[in-house]
>>> print(open('protein_5.txt').read())   # compact mmCIF, C-alpha atoms and all ligand atoms
# COMPACT_ATOMS: atom_id res chain seq x y z
CA MET A 1 78.89 114.71 203.37
CA GLY A 2 79.70 115.43 207.02
CA ARG A 3 81.69 113.36 209.42
CA PRO A 4 80.56 109.72 209.70
CA LYS A 5 78.09 109.40 212.57
CA VAL A 6 78.87 106.68 215.10
CA VAL A 7 76.75 105.70 218.07
CA LEU A 8 78.84 104.21 220.86
CA GLY A 9 76.55 102.18 223.09
CA VAL A 10 78.06 101.35 226.45
CA SER A 11 76.47 98.83 228.77
CA GLY A 12 77.08 98.18 232.43
CA GLY A 13 80.23 96.13 232.79
CA ILE A 14 83.60 96.85 234.32
CA ALA A 15 85.07 97.05 230.79
CA ALA A 16 83.12 100.30 230.29
CA TYR A 17 86.34 102.17 231.10
CA LYS A 18 87.96 100.68 228.00
CA ALA A 19 85.20 102.24 225.87
CA CYS A 20 86.73 105.66 226.69
CA GLU A 21 89.79 104.65 224.67
CA LEU A 22 87.59 103.44 221.80
CA LEU A 23 85.69 106.75 221.92
CA ARG A 24 88.97 108.64 221.77
CA ARG A 25 90.12 106.72 218.73
CA LEU A 26 86.80 107.27 216.98
CA THR A 27 86.73 111.03 217.60
CA GLU A 28 90.41 111.54 216.77
CA SER A 29 89.94 109.80 213.43
CA GLY A 30 87.18 112.24 212.46
CA HIS A 31 83.97 110.52 213.51
CA ASP A 32 81.04 112.32 215.11
CA VAL A 33 80.33 110.10 218.09
CA ARG A 34 77.19 110.06 220.16
CA VAL A 35 77.66 108.01 223.33
CA VAL A 36 74.55 106.19 224.55
CA PRO A 37 75.29 104.51 227.86
CA THR A 38 72.84 102.37 229.79
CA ALA A 39 71.91 103.50 233.30
CA SER A 40 74.19 100.84 234.78
CA ALA A 41 77.10 101.85 232.52
CA LEU A 42 76.95 105.25 234.21
CA ARG A 43 77.69 103.56 237.54
CA PHE A 44 81.07 102.52 236.09
CA VAL A 45 81.93 105.65 234.07
CA GLY A 46 80.02 108.89 234.57
CA GLU A 47 78.23 111.19 232.16
CA PRO A 48 80.85 114.02 232.28
CA THR A 49 83.52 111.66 230.91
CA TRP A 50 81.40 110.60 227.95
CA SER A 51 80.19 114.09 227.09
CA ALA A 52 83.65 115.66 227.45
CA LEU A 53 85.31 113.00 225.29
CA SER A 54 82.58 112.97 222.64
CA GLY A 55 81.63 116.65 222.62
CA ASN A 56 77.99 115.58 222.47
CA PRO A 57 75.18 115.41 225.05
CA VAL A 58 74.80 112.11 226.87
CA SER A 59 71.79 110.48 228.44
CA PRO A 60 70.75 106.88 229.07
CA GLN A 61 67.03 107.52 228.80
CA VAL A 62 64.49 108.66 226.26
CA TRP A 63 63.08 111.50 228.39
CA ASP A 64 65.76 114.14 227.82
CA GLU A 65 65.51 116.57 224.88
CA VAL A 66 62.21 114.92 223.95
CA HIS A 67 61.44 117.60 221.35
CA GLU A 68 64.30 116.18 219.29
CA VAL A 69 62.81 112.68 219.47
CA PRO A 70 66.17 111.16 220.40
CA HIS A 71 64.86 107.59 220.67
CA VAL A 72 64.32 107.62 216.90
CA ARG A 73 66.69 110.28 215.53
CA ILE A 74 69.95 108.95 216.96
CA GLY A 75 69.52 105.51 215.42
CA GLN A 76 68.16 106.81 212.12
CA ALA A 77 71.08 109.20 211.61
CA ALA A 78 73.84 106.71 212.49
CA ASP A 79 76.32 105.28 209.99
CA LEU A 80 77.46 102.73 212.56
CA VAL A 81 76.32 101.58 215.99
CA VAL A 82 78.95 99.87 218.13
CA VAL A 83 78.08 98.52 221.56
CA ALA A 84 81.21 98.07 223.68
CA PRO A 85 81.10 96.49 226.15
CA ALA A 86 77.91 94.58 225.39
CA THR A 87 76.75 92.75 228.51
CA ALA A 88 74.70 89.54 228.50
CA ASP A 89 71.70 91.65 229.47
CA THR A 90 72.15 94.13 226.61
CA LEU A 91 72.61 91.29 224.09
CA ALA A 92 69.41 89.69 225.40
CA ARG A 93 67.42 92.89 225.18
CA ALA A 94 68.74 93.60 221.69
CA ALA A 95 67.99 90.06 220.50
CA HIS A 96 64.42 90.32 221.79
CA GLY A 97 63.76 93.78 220.44
CA LEU A 98 63.07 95.35 223.85
CA ALA A 99 63.11 99.13 223.95
CA ASP A 100 63.19 100.23 227.56
CA ASP A 101 66.02 102.76 227.33
CA LEU A 102 67.74 104.98 224.79
CA LEU A 103 70.30 102.37 223.70
CA THR A 104 67.74 99.67 222.92
CA ASN A 105 65.54 102.21 221.12
CA THR A 106 68.54 103.27 219.09
CA LEU A 107 69.29 99.64 218.17
CA LEU A 108 65.72 99.21 216.95
CA THR A 109 65.74 102.33 214.80
CA ALA A 110 69.25 101.96 213.33
CA ARG A 111 69.39 101.05 209.64
CA CYS A 112 73.18 100.98 209.56
CA PRO A 113 75.67 98.19 210.41
CA VAL A 114 75.78 97.21 214.09
CA VAL A 115 78.80 95.82 215.95
CA PHE A 116 78.58 94.25 219.40
CA ALA A 117 81.74 93.71 221.46
CA PRO A 118 80.57 91.48 224.32
CA ALA A 119 82.37 91.33 227.66
CA MET A 120 81.21 89.18 230.57
CA HIS A 121 82.21 86.23 232.69
CA THR A 122 82.83 82.99 230.82
CA GLU A 123 79.81 81.28 232.40
CA MET A 124 77.51 84.02 231.15
CA TRP A 125 79.07 83.96 227.67
CA GLU A 126 78.71 80.18 227.47
CA ASN A 127 75.17 80.11 228.84
CA PRO A 128 72.73 78.70 226.23
CA ALA A 129 70.57 81.81 226.61
CA THR A 130 73.48 84.06 225.62
CA ARG A 131 74.56 81.67 222.84
CA GLU A 132 71.08 81.84 221.33
CA ASN A 133 70.89 85.62 221.64
CA VAL A 134 74.26 86.00 219.93
CA ALA A 135 73.20 83.61 217.16
CA THR A 136 69.99 85.61 216.65
CA LEU A 137 71.86 88.91 216.40
CA ARG A 138 74.36 87.43 213.94
CA ARG A 139 71.60 85.92 211.84
CA ARG A 140 70.06 89.37 211.58
CA GLY A 141 73.31 90.80 210.22
CA ALA A 142 75.04 92.22 213.29
CA VAL A 143 78.76 91.64 213.77
CA VAL A 144 79.20 90.12 217.24
CA ILE A 145 82.91 90.02 218.06
CA GLU A 146 84.07 86.97 220.02
CA PRO A 147 85.40 88.11 223.41
CA ALA A 148 89.09 87.62 224.09
CA VAL A 149 90.48 84.98 226.43
CA GLY A 150 92.36 86.15 229.50
CA ARG A 151 92.06 87.72 232.90
CA LEU A 152 88.50 88.68 233.89
CA THR A 153 87.37 90.78 236.83
CA GLY A 154 88.69 89.30 240.03
CA VAL A 155 90.85 86.20 239.89
CA ASP A 156 89.07 84.39 237.04
CA THR A 157 90.48 83.78 233.60
CA GLY A 158 88.62 82.56 230.53
CA GLN A 159 86.79 83.81 227.46
CA GLY A 160 84.90 87.02 228.16
CA ARG A 161 87.39 89.86 228.07
CA LEU A 162 86.67 92.92 225.98
CA PRO A 163 89.26 92.90 223.16
CA ASP A 164 91.81 95.70 222.99
CA PRO A 165 89.97 98.98 222.14
CA ALA A 166 92.46 99.66 219.33
CA GLU A 167 91.41 96.38 217.74
CA ILE A 168 87.68 97.05 218.23
CA PHE A 169 88.35 100.34 216.47
CA GLU A 170 89.88 98.40 213.56
CA VAL A 171 86.68 96.34 213.25
CA CYS A 172 84.56 99.54 213.35
CA ARG A 173 86.68 101.21 210.70
CA ARG A 174 86.26 98.29 208.32
CA VAL A 175 82.54 97.82 209.00
CA LEU A 176 81.94 101.54 208.44
CA ALA A 177 83.86 101.53 205.16
CA ARG A 178 81.93 98.54 203.87
CA GLY A 179 78.64 99.91 205.22
CA ALA A 180 79.21 103.09 203.22
CA GLU A 181 79.36 100.89 200.12
CA GLY A 182 76.18 99.14 201.20
CA VAL A 183 77.78 95.75 201.87
CA ALA A 184 76.87 93.72 204.90
CA ALA A 185 78.42 91.00 207.05
CA ASP A 186 78.66 88.69 204.04
CA LEU A 187 80.88 86.06 205.72
CA ALA A 188 78.43 85.49 208.60
CA GLY A 189 78.03 81.85 209.57
CA ARG A 190 81.38 80.90 208.01
CA HIS A 191 84.49 79.60 209.77
CA VAL A 192 87.74 80.66 208.12
CA VAL A 193 91.31 79.75 208.99
CA VAL A 194 94.21 82.04 208.20
CA SER A 195 97.89 81.30 208.75
CA ALA A 196 100.26 84.23 209.20
CA GLY A 197 103.87 85.04 209.95
CA GLY A 198 106.94 82.94 209.29
CA THR A 199 107.98 79.64 210.79
CA ARG A 200 111.25 79.20 212.68
CA GLU A 201 113.09 75.90 212.51
CA PRO A 202 115.37 75.48 215.52
CA LEU A 203 118.98 74.36 215.26
CA ASP A 204 119.63 74.49 218.98
CA PRO A 205 117.98 76.25 221.97
CA VAL A 206 119.15 79.68 220.82
CA ARG A 207 119.29 79.51 217.00
CA PHE A 208 116.80 78.96 214.22
CA LEU A 209 116.34 79.15 210.47
CA GLY A 210 113.64 81.73 209.82
CA ASN A 211 112.35 84.25 207.32
CA ARG A 212 111.35 87.89 207.24
CA SER A 213 107.58 87.51 207.04
CA SER A 214 105.94 90.06 209.37
CA GLY A 215 102.51 88.46 209.40
CA LYS A 216 100.81 91.71 208.37
CA GLN A 217 99.04 90.28 205.31
CA GLY A 218 97.66 87.33 207.32
CA TYR A 219 96.53 89.63 210.12
CA ALA A 220 94.84 91.91 207.56
CA LEU A 221 92.98 88.85 206.24
CA ALA A 222 91.89 87.91 209.76
CA ARG A 223 90.75 91.45 210.64
CA SER A 224 88.82 91.76 207.41
CA ALA A 225 87.09 88.40 207.94
CA VAL A 226 86.03 89.36 211.50
CA ALA A 227 84.59 92.65 210.24
CA ARG A 228 82.68 90.71 207.58
CA GLY A 229 81.11 88.50 210.24
CA ALA A 230 83.15 85.27 209.98
CA ARG A 231 84.40 83.11 212.84
CA VAL A 232 88.16 83.33 212.45
CA THR A 233 90.99 81.09 213.56
CA LEU A 234 94.36 82.79 213.10
CA VAL A 235 97.37 80.48 213.25
CA ALA A 236 100.21 82.89 213.95
CA ALA A 237 103.85 81.90 213.54
CA ASN A 238 106.30 84.16 215.39
CA THR A 239 104.51 87.47 214.94
CA ASP A 240 104.63 90.40 217.31
CA LEU A 241 101.37 92.01 216.19
CA ALA A 242 98.36 92.69 218.44
CA ASP A 243 95.70 89.95 218.43
CA PRO A 244 92.90 90.99 216.07
CA ALA A 245 89.64 91.49 217.97
CA GLY A 246 87.34 88.51 217.61
CA ALA A 247 89.88 86.06 216.16
CA ASP A 248 90.88 82.87 217.95
CA VAL A 249 94.67 83.19 217.82
CA VAL A 250 96.72 79.98 217.96
CA ARG A 251 100.46 80.60 218.32
CA VAL A 252 102.96 78.26 216.70
CA GLY A 253 106.70 78.22 216.09
CA THR A 254 107.71 75.60 213.53
CA ALA A 255 106.27 74.33 210.25
CA VAL A 256 105.32 71.05 211.92
CA GLN A 257 103.42 72.89 214.67
CA LEU A 258 101.77 75.13 212.09
CA ARG A 259 100.66 72.10 210.10
CA GLU A 260 99.09 70.51 213.16
CA ALA A 261 97.24 73.70 214.19
CA VAL A 262 96.02 74.50 210.66
CA LEU A 263 94.79 70.96 209.94
CA LYS A 264 92.95 70.84 213.27
CA ALA A 265 91.21 74.18 212.68
CA ALA A 266 90.53 73.33 209.01
CA SER A 267 88.45 70.27 209.87
CA ASP A 268 85.23 72.33 210.05
CA ALA A 269 86.37 75.39 208.08
CA ASP A 270 84.74 76.86 204.99
CA ALA A 271 88.02 78.37 203.83
CA VAL A 272 91.72 78.15 204.63
CA VAL A 273 94.12 80.88 203.57
CA MET A 274 97.80 80.05 203.85
CA ALA A 275 99.42 83.47 204.11
CA ALA A 276 102.24 82.21 206.35
CA ALA A 277 105.76 81.83 205.00
CA VAL A 278 106.34 78.20 205.87
CA ALA A 279 109.94 76.99 205.79
CA ASP A 280 110.35 74.35 203.10
CA PHE A 281 113.23 72.78 205.04
CA ARG A 282 114.26 72.26 208.66
CA PRO A 283 117.55 71.15 210.23
CA ALA A 284 117.73 67.36 210.22
CA THR A 285 118.84 67.33 213.84
CA TYR A 286 118.19 69.53 216.83
CA ALA A 287 121.06 69.99 219.29
CA SER A 288 119.59 70.02 222.79
CA GLY A 289 122.58 72.08 224.01
CA LYS A 290 123.97 75.20 222.34
CA ILE A 291 126.27 74.34 219.43
CA LYS A 292 129.79 75.53 220.36
CA LYS A 293 132.58 76.56 218.06
CA ARG A 294 135.72 74.46 218.45
CA GLU A 295 139.16 76.02 218.04
CA GLY A 296 140.84 74.90 214.85
CA GLN A 297 137.78 73.07 213.52
CA GLU A 298 135.60 73.98 210.55
CA PRO A 299 131.88 74.28 211.37
CA ALA A 300 129.85 71.18 210.58
CA PRO A 301 127.50 71.69 207.60
CA VAL A 302 123.82 71.99 208.48
CA GLU A 303 121.88 69.11 207.01
CA LEU A 304 118.29 69.91 206.06
CA VAL A 305 115.20 67.79 205.54
CA ARG A 306 111.92 68.69 203.80
CA ASN A 307 109.00 70.03 205.77
CA PRO A 308 105.49 68.87 204.93
CA ASP A 309 103.75 71.05 202.33
CA VAL A 310 100.71 72.16 204.33
CA LEU A 311 98.98 73.91 201.45
CA ALA A 312 99.22 70.89 199.13
CA GLU A 313 98.02 68.62 201.95
CA LEU A 314 95.04 70.88 202.66
CA ALA A 315 94.07 71.02 199.01
CA ALA A 316 94.33 67.25 198.61
CA GLY A 317 92.47 66.33 201.81
CA ARG A 318 89.52 68.70 202.11
CA PRO A 319 86.99 67.66 204.76
CA HIS A 320 84.15 68.74 202.46
CA ALA A 321 83.97 69.65 198.79
CA GLY A 322 82.90 73.23 199.51
CA GLN A 323 86.07 74.17 201.40
CA VAL A 324 88.01 76.86 199.54
CA VAL A 325 91.82 76.65 199.83
CA VAL A 326 93.97 79.69 199.12
CA GLY A 327 97.76 79.90 198.86
CA PHE A 328 100.30 82.68 198.54
CA ALA A 329 103.41 82.77 196.40
CA ALA A 330 106.29 85.16 196.01
CA GLU A 331 107.84 85.27 192.56
CA THR A 332 110.55 87.40 190.97
CA ASP A 333 110.47 86.27 187.32
CA ASP A 334 107.81 84.98 184.96
CA VAL A 335 105.33 85.79 187.71
CA LEU A 336 102.18 84.58 186.00
CA ALA A 337 103.67 81.46 184.41
CA ASN A 338 105.35 80.41 187.65
CA GLY A 339 102.19 81.24 189.58
CA ARG A 340 100.01 79.16 187.25
CA ALA A 341 102.39 76.19 187.57
CA LYS A 342 102.41 76.53 191.37
CA LEU A 343 98.61 76.76 191.53
CA ALA A 344 98.34 73.50 189.60
CA ARG A 345 101.10 71.82 191.64
CA LYS A 346 99.53 72.74 194.97
CA GLY A 347 95.96 72.01 193.86
CA CYS A 348 94.48 75.06 195.60
CA ASP A 349 91.52 77.13 194.36
CA LEU A 350 93.21 80.52 194.48
CA LEU A 351 96.83 81.59 194.56
CA VAL A 352 97.78 85.14 195.51
CA VAL A 353 100.97 85.89 193.62
CA ASN A 354 103.18 88.73 194.83
CA GLU A 355 105.83 90.04 192.56
CA VAL A 356 108.74 90.64 194.88
CA GLY A 357 111.25 93.14 193.63
CA GLU A 358 111.94 96.79 194.27
CA ARG A 359 108.87 97.30 196.39
CA ARG A 360 109.27 95.28 199.52
CA THR A 361 106.40 93.07 200.52
CA PHE A 362 107.82 91.75 203.77
CA GLY A 363 107.07 94.08 206.65
CA SER A 364 105.43 96.77 204.54
CA GLU A 365 101.87 98.02 204.92
CA GLU A 366 101.20 97.73 201.21
CA ASN A 367 101.05 94.94 198.72
CA GLU A 368 100.46 94.39 195.03
CA ALA A 369 99.34 91.05 193.66
CA VAL A 370 97.53 89.00 191.08
CA VAL A 371 95.06 86.42 192.33
CA LEU A 372 95.09 83.38 190.07
CA ALA A 373 92.12 81.02 190.17
CA ALA A 374 91.98 77.34 189.28
CA ASP A 375 89.21 78.18 186.77
CA GLY A 376 91.72 80.26 184.79
CA THR A 377 90.62 83.74 185.87
CA GLU A 378 93.09 86.38 187.00
CA THR A 379 92.32 89.26 189.33
CA PRO A 380 94.97 91.98 189.47
CA VAL A 381 95.06 93.91 192.75
CA PRO A 382 96.82 97.29 192.39
CA TYR A 383 99.48 98.50 194.82
CA GLY A 384 97.65 99.45 198.01
CA PRO A 385 97.01 98.60 201.66
CA LYS A 386 97.14 94.94 202.65
CA GLU A 387 93.54 95.18 203.85
CA ALA A 388 92.40 95.97 200.30
CA LEU A 389 94.04 92.77 199.07
CA ALA A 390 92.44 90.93 202.01
CA ASP A 391 88.98 92.08 200.93
CA VAL A 392 89.58 90.99 197.33
CA VAL A 393 90.62 87.53 198.57
CA TRP A 394 87.43 87.19 200.66
CA ASP A 395 85.31 88.45 197.74
CA LEU A 396 86.79 85.71 195.55
CA VAL A 397 86.41 83.07 198.28
CA ALA A 398 82.78 84.07 198.89
CA ARG A 399 82.05 83.80 195.17
CA ARG A 400 83.25 80.17 195.27
CA TRP A 401 80.87 79.31 198.12
N1 LIG B 501 103.44 76.41 202.08
C1 LIG B 501 103.03 75.38 202.88
N2 LIG B 501 103.91 74.47 203.37
C2 LIG B 501 105.23 74.55 203.07
C3 LIG B 501 105.67 75.61 202.25
C4 LIG B 501 104.75 76.52 201.77
O1 LIG B 501 101.84 75.29 203.15
N3 LIG B 501 106.05 73.66 203.57
C5 LIG B 501 102.47 77.36 201.54
C6 LIG B 501 102.64 78.79 201.95
O2 LIG B 501 101.89 79.09 203.11
C7 LIG B 501 102.14 79.55 200.73
C8 LIG B 501 102.55 78.65 199.59
O3 LIG B 501 102.60 77.34 200.14
O4 LIG B 501 100.74 79.66 200.74
C9 LIG B 501 103.90 79.03 199.07
O5 LIG B 501 104.39 77.98 198.36
P1 LIG B 501 105.94 77.71 198.10
O6 LIG B 501 106.03 76.52 197.23
O7 LIG B 501 106.72 77.72 199.33
O8 LIG B 501 106.22 78.94 197.26
P2 LIG B 501 107.28 80.02 197.43
O9 LIG B 501 107.36 80.47 198.86
O10 LIG B 501 106.92 81.03 196.43
O11 LIG B 501 108.64 79.22 197.12
P3 LIG B 501 109.20 78.40 195.85
O12 LIG B 501 109.14 79.34 194.71
O13 LIG B 501 110.54 78.05 196.32
O14 LIG B 501 108.37 77.19 195.64
>>> encode(input="protein_5.txt", output="structure tokens", more="lines below")
Ligand code: CTP
Amino acid sequence: MGRPKVVLGVSGGIAAYKACELLRRLTESGHDVRVVPTASALRFVGEPTWSALSGNPVSPQVWDEVHEVPHVRIGQAADLVVVAPATADTLARAAHGLADDLLTNTLLTARCPVVFAPAMHTEMWENPATRENVATLRRRGAVVIEPAVGRLTGVDTGQGRLPDPAEIFEVCRRVLARGAEGVAADLAGRHVVVSAGGTREPLDPVRFLGNRSSGKQGYALARSAVARGARVTLVAANTDLADPAGADVVRVGTAVQLREAVLKAASDADAVVMAAAVADFRPATYASGKIKKREGQEPAPVELVRNPDVLAELAAGRPHAGQVVVGFAAETDDVLANGRAKLARKGCDLLVVNEVGERRTFGSEENEAVVLAADGTETPVPYGPKEALADVVWDLVARRW
């Protein structure tokens, strides 16, 4: 087997320059990339850039190298087609099956997974015509990544930005890996909520009680769900990781804020995964000024009160019977027995139990776990990347739908 073949479609938006970075990441990680720009994309970034960076010939139209039948061959041979940026016009032409240039021909002949990373002004993204085109493409199995919110061309801000190329690359990597196994965007049409990171409970304006959760497992869950076609809300507590492409990231600080954000997002969700390390306690009082040491005086003890248990509340108050609720637990001893008891206590459907010990879980790229289910089944997940565990969790969630 040769290098995986990727078609990078580029359509005519100012974000075309960011596709150079995506191309770079794809080629450097061993993919054979064929860039297929539209004619208007070439007004933003020229043909020499695409051919130099890809090492392959580049043309927007079907009339070059006709003897090689490029309008059919490029799509047929691809393992992945990613269109970044995808303009409103390109989405419309793809949704309607038009074939008036090489990119649209390629989209019609491709039998592999297709990822669209739209970028446009908010008005165009929100226009009912675009909404319907996006829904059509998703229904047909394409992964259409939600644009990011932020600064657009000119002075505008809103939803419509092309996500960070490094994060689009992460989506492509996952879609390619799953495509090679013949699995599609199996979470399409689902809304999932993931909490990640660790809450911080403030004592005063400069101090807090916190924990060492990095958020990496929650982010891996969010990235995996985006690549599998879900709409993702990521409630992130005090993380410093890049926003996953396509996820709606809601930032929170404390357990109380996390509870509010998770419950709000969960109201129409098909699944909620509580990967965040939520503080069980918070200081009973918050000093509005910095707490000072006083000469000759012992420090006052810190009084704590219980935080709400978000996972137990979610499990007890599901908005619809089909919502799947997943918790995480870290155990050192009697892992399975403690995990089983916790699963029953919390009332969730699945509990991912990490054995914490010599191998660190916090901050590391790897994890090892057993997923316990309310129906009594156990799924061991061997030591490996956090994204592998993420995929097992979504497999088990999807089975419950
Ligand atoms: N959780 C929560 N709200 C809290 C505390 C925890 O929703 N106030 C969630 C976490 O997101 C996680 C699971 O519950 O999914 C962890 O449960 P917890 O009882 O805190 O387990 P441990 O962290 O393992 O701690 P302990 O063994 O002390 O119970």
>>> residues_near_ligand(input="protein_5.txt", ligand="ligand LIG 501 (chain B)", cutoff="8 Å", atoms="only C-alpha atoms and all ligand atoms", output="list in words")
Ser195, Ala255, Arg259, Val273, Met274, Ala275, Ala276, Ala277, Val278, Ala279, Asp280, Phe281, Arg306, Asn307, Pro308, Asp309, Val310, Leu311, Ala312, Glu313, Val326, Gly327, Phe328, Ala329, Ala330, Glu331, Lys342, Lys346 and Leu351 of chain A
>>> residues_around(input="protein_5.txt", residues="segment 201-204 of chain A", least_positions_apart="5", cutoff="6 Å", atoms="only C-alpha atoms", output="ChimeraX atom specification")
/A:209,254,282,286-288,290
>>> residues_around(input="protein_5.txt", residues="Thr87 of chain A", least_positions_apart="4", cutoff="10 Å", atoms="all atoms listed in the file", output="list in words")
Val10, Ser11, Gly12, Gly13, Ile14, Ala15, Ala41, Val83, Leu91, Ala92, Arg93, Phe116, Ala117, Pro118, Ala119, Met120, His121, Met124, Trp125, Thr130 and Gly160 of chain A
>>> residues_around(input="protein_5.txt", residues="segment 156-159 of chain A", least_positions_apart="5", cutoff="7 Å", atoms="all atoms listed in the file", output="compact mmCIF listing (two decimals) with C-alpha atoms, in the coordinates of the input")
# COMPACT_ATOMS: atom_id res chain seq x y z
CA THR A 122 82.83 82.99 230.82
CA PRO A 147 85.40 88.11 223.41
CA ALA A 148 89.09 87.62 224.09
CA VAL A 149 90.48 84.98 226.43
CA GLY A 150 92.36 86.15 229.50
CA ARG A 151 92.06 87.72 232.90
>>> residues_around(input="protein_5.txt", residues="Leu137 of chain A", least_positions_apart="5", cutoff="9 Å", atoms="all atoms listed in the file", output="list in words")
Leu91, Ala94, Ala95, Glu132, Ala142, Val143 and Val144 of chain A
>>> atom_distance(input="protein_5.txt", atom1="atom CA of Ala184 of chain A", atom2="atom CA of Arg228 of chain A")
7.1 Å
>>> atom_distance(input="protein_5.txt", atom1="atom CA of Leu23 of chain A", atom2="atom CA of Val7 of chain A")
9.8 Å
>>> atom_distance(input="protein_5.txt", atom1="atom CA of Val232 of chain A", atom2="atom CA of Ala110 of chain A")
26.6 Å
>>> residues_around(input="protein_5.txt", residues="Lys216 of chain A", least_positions_apart="3", cutoff="9 Å", atoms="all atoms listed in the file", output="VMD selection string")
chain A and resid 196 to 197 213 219 to 221 239 241 362 to 365 386
>>> closest_residue(input="protein_5.txt", among="A:Leu102, A:Val324, A:Val256, A:Ala261", to="Leu396 of chain A", atoms="all atoms listed in the file")
A:Val324
>>> closest_residue(input="protein_5.txt", among="A:Leu53, A:Ala237, A:Ala390, A:Ala242", to="Ala222 of chain A", atoms="all atoms listed in the file")
A:Ala390
>>> closest_atom_pairs(input="protein_5.txt", of="segment 119-230 of chain A", to="segment 245-251 of chain A", cutoff="8 Å", atoms="all atoms listed in the file", output="JSON lines")
{"residue": "A:Ile145", "atom": "CA", "partner": "A:Gly246", "partner_atom": "CA", "distance": 4.7}
{"residue": "A:Glu146", "atom": "CA", "partner": "A:Gly246", "partner_atom": "CA", "distance": 4.3}
{"residue": "A:Pro147", "atom": "CA", "partner": "A:Gly246", "partner_atom": "CA", "distance": 6.1}
{"residue": "A:Ala148", "atom": "CA", "partner": "A:Gly246", "partner_atom": "CA", "distance": 6.8}
{"residue": "A:Pro163", "atom": "CA", "partner": "A:Ala245", "partner_atom": "CA", "distance": 5.4}
{"residue": "A:Asp164", "atom": "CA", "partner": "A:Ala245", "partner_atom": "CA", "distance": 6.9}
{"residue": "A:Glu167", "atom": "CA", "partner": "A:Ala245", "partner_atom": "CA", "distance": 5.2}
{"residue": "A:Ile168", "atom": "CA", "partner": "A:Ala245", "partner_atom": "CA", "distance": 5.9}
{"residue": "A:Val171", "atom": "CA", "partner": "A:Ala245", "partner_atom": "CA", "distance": 7.4}
{"residue": "A:Ala222", "atom": "CA", "partner": "A:Ala247", "partner_atom": "CA", "distance": 7.0}
{"residue": "A:Arg223", "atom": "CA", "partner": "A:Ala245", "partner_atom": "CA", "distance": 7.4}
{"residue": "A:Val226", "atom": "CA", "partner": "A:Gly246", "partner_atom": "CA", "distance": 6.3}
